[in-house]
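J.: The structure's right below; bear with me while I get my questions together.
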Amino acid sequence: MSDYTAASFAPVQGFIEKSRKLRDLYGSSLILSFLSSKLVQKAESLGLPVISPGLPDVAKGMPNRILVQGKFDRNLVKTTLLTEWQKILTICREWIEANLGIPTNQYCWSQTEADQGHQKGEWERWGSYTWEIFWGYGDSVQAAMDDLERRKLKRDWIAINWMGESSSLTGTDAIAWHQLGKFNPNPGRSLSQGELEEMELFYRRLSWLLDNPDYRVGQKSLSLQELREKQANPDQIGRYIAPNERLSIPELVKRLVTYDKLADKIGLDKLKAKPDDPEFKDIIREPGYWTGWFMGDGDKVGDKLKRLASRPDEPRRDVPVERLLPVEDLPPTATNLKKFTQLIREWGQKFQKNPDLFPQGKGRVIYAGGDDFLGVLYSPESDPPTPPDKVKPIEALQWLLTLEQHWQDQQQKIKHQLNLDFTYSVGFVWAGHQVPQRDILQHCREAEQRAKNQGRDRLTIRVVFNSGQYSSPK
């Protein structure tokens with residue numbers, strides 16, 4: 001008799017939605033896919049056949065739910081995930097400490113040699129307590145999936161108790177800077193003027209370096225006054241981080257992993273897959289520039305997985321053998337699941353790479369795991385004095401009318417090979433330039449949920465104004 005393991009980790013949506021820039025969303029997606037891929041690689045190294053996700057060799061867009069044949073020990077799942085996450089944190093922290101020109105003895109934010117085995121630093125706390133790991137095991141695919149859902153009812157989460165100023169993005173986590181974690185006999189006090197200037201210097205130097213890292217890294221560090229003068233024009237700075245932003249450690253890491261040299265060192269996919277690809281440009285947020293955000297999710301995917309897990313493999317007789325997906329020597333129910341996850345992931349890869357998806361290149365797919373996706377129609381930043389083209393409402397509407405066409409081939413394949421009807425529900429948000437990105441993502445999720453509640457296989461549109469008021473057409 002075969003046994004199976006299902007594993008997952010959280011938070012995913014919360015990790016993604018704590019964002020201000022488009023770069024944050026990409027960084028979040030890259031990190032999540034990387035961690036999932038490392039779990040898959042570990043399972044494969046143990047000789048455990050991976051049933052889901054499909055395309056296990058493609059990290060980009062990999063879902064965070066893993067299903068394997070055999071026992072994938074829970075402690076090994078946890079150790080693998082945390083080790084890879086801690087590797088990301090260490091590479092980012094060491095890059096900052098090596099390049100900002102701040103003396104090493106002024107950094108208080110990580111564990112010292114004397115603290116090892118006694119007390120963790122701020123970076124080490126985030127390394128240990130960012131993720132919840134969930135694990136299920138059973139003598140069938142269905143039993144493993146049910147065990148995973150049952151164990152989720154008992155949370156596996158530890159909150160970090162920090163002291164310091166709040167991140168300007170979320171307002172709930174401490175600001176990352178070199179004196180975070182410094183002993184303070186009066187933890188309730190506000191920072192002194194000198195400490196505020198030290199924090200400002202940290203973020204100005206970081207912003208200055210990342211605006212042109214290939215040239216500025218290794219150059220002489222500038223003083224606070226010099227940086228204030230050079231960064232006086234807000235239109236020409238802040239490619240990665242604005243000088244006035246104050247980010248927590250995870251928020252900072254999301255930005256840093258989008259820097260190619262750090263991505264290479266970690267082993268992450270890069271924003272530019274090829275050197276001659278267009279430069280990544282963030283969303284322009286000026287009066288009159290609206291953005292269109294779309295979030296889609298497969299309908300009743302959980303129910304479909306349960307159906308596939310409970311029925312024997314019966315290949316459609318009207319499908320030629322050569323058109324059936326190759327699968328490993330798995331039990332029948334696992335073979336069905338393997339086919340399904342391969343099909344939807346193949347579609348996700350195709351959807352994300354489609355060069356003709358958006359009108360005149362005014363858009364990006366942020367992630368497309370297959371059964372869910374997120375993207376945006378927007379006006380990219382341009383070099384002054386050239387004003388970027390606006391995304392017109394009629395363009396957005398015309399694009400939405402053709403969106404369903406992009407998954408019709410996938411629906412036919414799933415129907416043909418697995419005899420399943422597969423549909424998506426989509427939420428679309430048309431937002432003003434002052435609406436915070438994290439609010440937009442929440443509106444997207446609500447609009448998507450409304451589409452599901454009204455019958456699924458449909459699109460819900462929500463218009464969000466700068467005031468925060470919104471309207472959804474009936």
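Ligands are numbered from 1 in the order shown, residues from 1 within each chain, and chains are lettered A, B, ... in the order they appear in the structure tokens.
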Need the shell around Gly267 in chain A: protein/DNA/RNA residues with any atom at most 12 Å away, counting only C-alpha atoms. Skip same-chain ones fewer than 2 positions apart. Format as a PyMOL selection string?
T.: chain A and resi 30-31+33-35+37-38+59-60+84-85+87-88+91+257-265+269-270
J.: Please, what distance in Å, to one decimal, runs between CA of Gly298 in chain A and CA of Ile394 in chain A?
T.: 26.5 Å
J.: Name the residues in contact with range 468-472 of chain A at a cut-off of 12 Å, using only C-alpha atoms, excluding same-chain residues fewer than 6 positions from it; report them as a PDB file with N, CA, C and O atoms, in the first residue's frame.
T.:
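What ended up in part.pdb:
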```
ATOM      1  N   GLY A 427     -11.533  38.904 -10.347  1.00  0.00           N
ATOM      2  CA  GLY A 427     -11.854  40.224  -9.840  1.00  0.00           C
ATOM      3  C   GLY A 427     -10.973  41.250 -10.533  1.00  0.00           C
ATOM      4  O   GLY A 427      -9.755  41.051 -10.654  1.00  0.00           O
ATOM      5  N   PHE A 428     -11.579  42.339 -11.011  1.00  0.00           N
ATOM      6  CA  PHE A 428     -10.821  43.400 -11.689  1.00  0.00           C
ATOM      7  C   PHE A 428     -11.079  44.719 -10.973  1.00  0.00           C
ATOM      8  O   PHE A 428     -12.224  45.094 -10.723  1.00  0.00           O
ATOM      9  N   VAL A 429      -9.994  45.427 -10.631  1.00  0.00           N
ATOM     10  CA  VAL A 429     -10.102  46.699  -9.917  1.00  0.00           C
ATOM     11  C   VAL A 429      -9.459  47.800 -10.749  1.00  0.00           C
ATOM     12  O   VAL A 429      -8.286  47.710 -11.135  1.00  0.00           O
ATOM     13  N   TRP A 430     -10.231  48.826 -11.026  1.00  0.00           N
ATOM     14  CA  TRP A 430      -9.756  50.017 -11.741  1.00  0.00           C
ATOM     15  C   TRP A 430      -9.560  51.096 -10.673  1.00  0.00           C
ATOM     16  O   TRP A 430     -10.521  51.564 -10.069  1.00  0.00           O
ATOM     17  N   ALA A 431      -8.290  51.443 -10.410  1.00  0.00           N
ATOM     18  CA  ALA A 431      -7.978  52.247  -9.229  1.00  0.00           C
ATOM     19  C   ALA A 431      -7.289  53.564  -9.575  1.00  0.00           C
ATOM     20  O   ALA A 431      -6.459  53.635 -10.485  1.00  0.00           O
ATOM     21  N   GLY A 432      -7.624  54.597  -8.794  1.00  0.00           N
ATOM     22  CA  GLY A 432      -6.973  55.891  -8.920  1.00  0.00           C
ATOM     23  C   GLY A 432      -5.538  55.854  -8.417  1.00  0.00           C
ATOM     24  O   GLY A 432      -5.130  54.933  -7.702  1.00  0.00           O
ATOM     25  N   HIS A 433      -4.765  56.900  -8.751  1.00  0.00           N
ATOM     26  CA  HIS A 433      -3.323  56.868  -8.495  1.00  0.00           C
ATOM     27  C   HIS A 433      -2.978  56.960  -7.006  1.00  0.00           C
ATOM     28  O   HIS A 433      -1.877  56.567  -6.602  1.00  0.00           O
ATOM     29  N   GLN A 434      -3.890  57.439  -6.170  1.00  0.00           N
ATOM     30  CA  GLN A 434      -3.586  57.596  -4.752  1.00  0.00           C
ATOM     31  C   GLN A 434      -4.026  56.406  -3.896  1.00  0.00           C
ATOM     32  O   GLN A 434      -3.763  56.384  -2.699  1.00  0.00           O
ATOM     33  N   VAL A 435      -4.658  55.435  -4.500  1.00  0.00           N
ATOM     34  CA  VAL A 435      -5.109  54.273  -3.731  1.00  0.00           C
ATOM     35  C   VAL A 435      -3.895  53.407  -3.402  1.00  0.00           C
ATOM     36  O   VAL A 435      -3.177  52.976  -4.311  1.00  0.00           O
ATOM     37  N   PRO A 436      -3.615  53.135  -2.129  1.00  0.00           N
ATOM     38  CA  PRO A 436      -2.449  52.305  -1.778  1.00  0.00           C
ATOM     39  C   PRO A 436      -2.538  50.923  -2.408  1.00  0.00           C
ATOM     40  O   PRO A 436      -3.620  50.338  -2.511  1.00  0.00           O
ATOM     41  N   GLN A 437      -1.388  50.424  -2.796  1.00  0.00           N
ATOM     42  CA  GLN A 437      -1.351  49.127  -3.482  1.00  0.00           C
ATOM     43  C   GLN A 437      -1.907  48.009  -2.620  1.00  0.00           C
ATOM     44  O   GLN A 437      -2.612  47.126  -3.116  1.00  0.00           O
ATOM     45  N   ASP A 439      -4.243  48.215  -0.456  1.00  0.00           N
ATOM     46  CA  ASP A 439      -5.708  48.320  -0.476  1.00  0.00           C
ATOM     47  C   ASP A 439      -6.272  47.777  -1.784  1.00  0.00           C
ATOM     48  O   ASP A 439      -7.326  47.126  -1.796  1.00  0.00           O
ATOM     49  N   ILE A 440      -5.566  48.060  -2.884  1.00  0.00           N
ATOM     50  CA  ILE A 440      -6.011  47.564  -4.191  1.00  0.00           C
ATOM     51  C   ILE A 440      -6.074  46.042  -4.186  1.00  0.00           C
ATOM     52  O   ILE A 440      -7.039  45.435  -4.672  1.00  0.00           O
ATOM     53  N   HIS A 443      -9.084  44.854  -2.408  1.00  0.00           N
ATOM     54  CA  HIS A 443     -10.267  45.035  -3.253  1.00  0.00           C
ATOM     55  C   HIS A 443     -10.323  43.951  -4.329  1.00  0.00           C
ATOM     56  O   HIS A 443     -11.403  43.437  -4.660  1.00  0.00           O
ATOM     57  N   CYS A 444      -9.173  43.598  -4.895  1.00  0.00           N
ATOM     58  CA  CYS A 444      -9.125  42.529  -5.905  1.00  0.00           C
ATOM     59  C   CYS A 444      -9.653  41.223  -5.327  1.00  0.00           C
ATOM     60  O   CYS A 444     -10.451  40.520  -5.966  1.00  0.00           O
ATOM     61  N   GLU A 446     -11.625  40.811  -2.774  1.00  0.00           N
ATOM     62  CA  GLU A 446     -13.066  40.912  -2.510  1.00  0.00           C
ATOM     63  C   GLU A 446     -13.870  40.802  -3.805  1.00  0.00           C
ATOM     64  O   GLU A 446     -14.928  40.160  -3.839  1.00  0.00           O
ATOM     65  N   ALA A 447     -13.372  41.430  -4.868  1.00  0.00           N
ATOM     66  CA  ALA A 447     -14.075  41.356  -6.158  1.00  0.00           C
ATOM     67  C   ALA A 447     -14.062  39.930  -6.701  1.00  0.00           C
ATOM     68  O   ALA A 447     -15.069  39.435  -7.232  1.00  0.00           O
ATOM     69  N   GLU A 448     -12.920  39.263  -6.567  1.00  0.00           N
ATOM     70  CA  GLU A 448     -12.839  37.863  -7.004  1.00  0.00           C
ATOM     71  C   GLU A 448     -13.804  36.985  -6.214  1.00  0.00           C
ATOM     72  O   GLU A 448     -14.502  36.133  -6.775  1.00  0.00           O
ATOM     73  N   ARG A 450     -16.533  37.932  -4.772  1.00  0.00           N
ATOM     74  CA  ARG A 450     -17.903  38.251  -5.187  1.00  0.00           C
ATOM     75  C   ARG A 450     -18.257  37.517  -6.475  1.00  0.00           C
ATOM     76  O   ARG A 450     -19.396  37.023  -6.625  1.00  0.00           O
ATOM     77  N   ALA A 451     -17.302  37.410  -7.395  1.00  0.00           N
ATOM     78  CA  ALA A 451     -17.541  36.666  -8.635  1.00  0.00           C
ATOM     79  C   ALA A 451     -17.860  35.207  -8.327  1.00  0.00           C
ATOM     80  O   ALA A 451     -18.737  34.599  -8.952  1.00  0.00           O
ATOM     81  N   LEU A 459     -16.682  37.486 -14.104  1.00  0.00           N
ATOM     82  CA  LEU A 459     -15.796  38.605 -13.773  1.00  0.00           C
ATOM     83  C   LEU A 459     -16.567  39.655 -12.987  1.00  0.00           C
ATOM     84  O   LEU A 459     -17.701  39.988 -13.335  1.00  0.00           O
ATOM     85  N   THR A 460     -15.960  40.155 -11.909  1.00  0.00           N
ATOM     86  CA  THR A 460     -16.534  41.267 -11.157  1.00  0.00           C
ATOM     87  C   THR A 460     -15.605  42.466 -11.288  1.00  0.00           C
ATOM     88  O   THR A 460     -14.390  42.343 -11.080  1.00  0.00           O
ATOM     89  N   ILE A 461     -16.168  43.608 -11.638  1.00  0.00           N
ATOM     90  CA  ILE A 461     -15.394  44.854 -11.793  1.00  0.00           C
ATOM     91  C   ILE A 461     -15.685  45.759 -10.605  1.00  0.00           C
ATOM     92  O   ILE A 461     -16.828  45.913 -10.184  1.00  0.00           O
ATOM     93  N   ARG A 462     -14.631  46.353 -10.063  1.00  0.00           N
ATOM     94  CA  ARG A 462     -14.780  47.319  -8.977  1.00  0.00           C
ATOM     95  C   ARG A 462     -13.940  48.550  -9.304  1.00  0.00           C
ATOM     96  O   ARG A 462     -12.757  48.430  -9.635  1.00  0.00           O
TER      97      ARG A 462
END
```
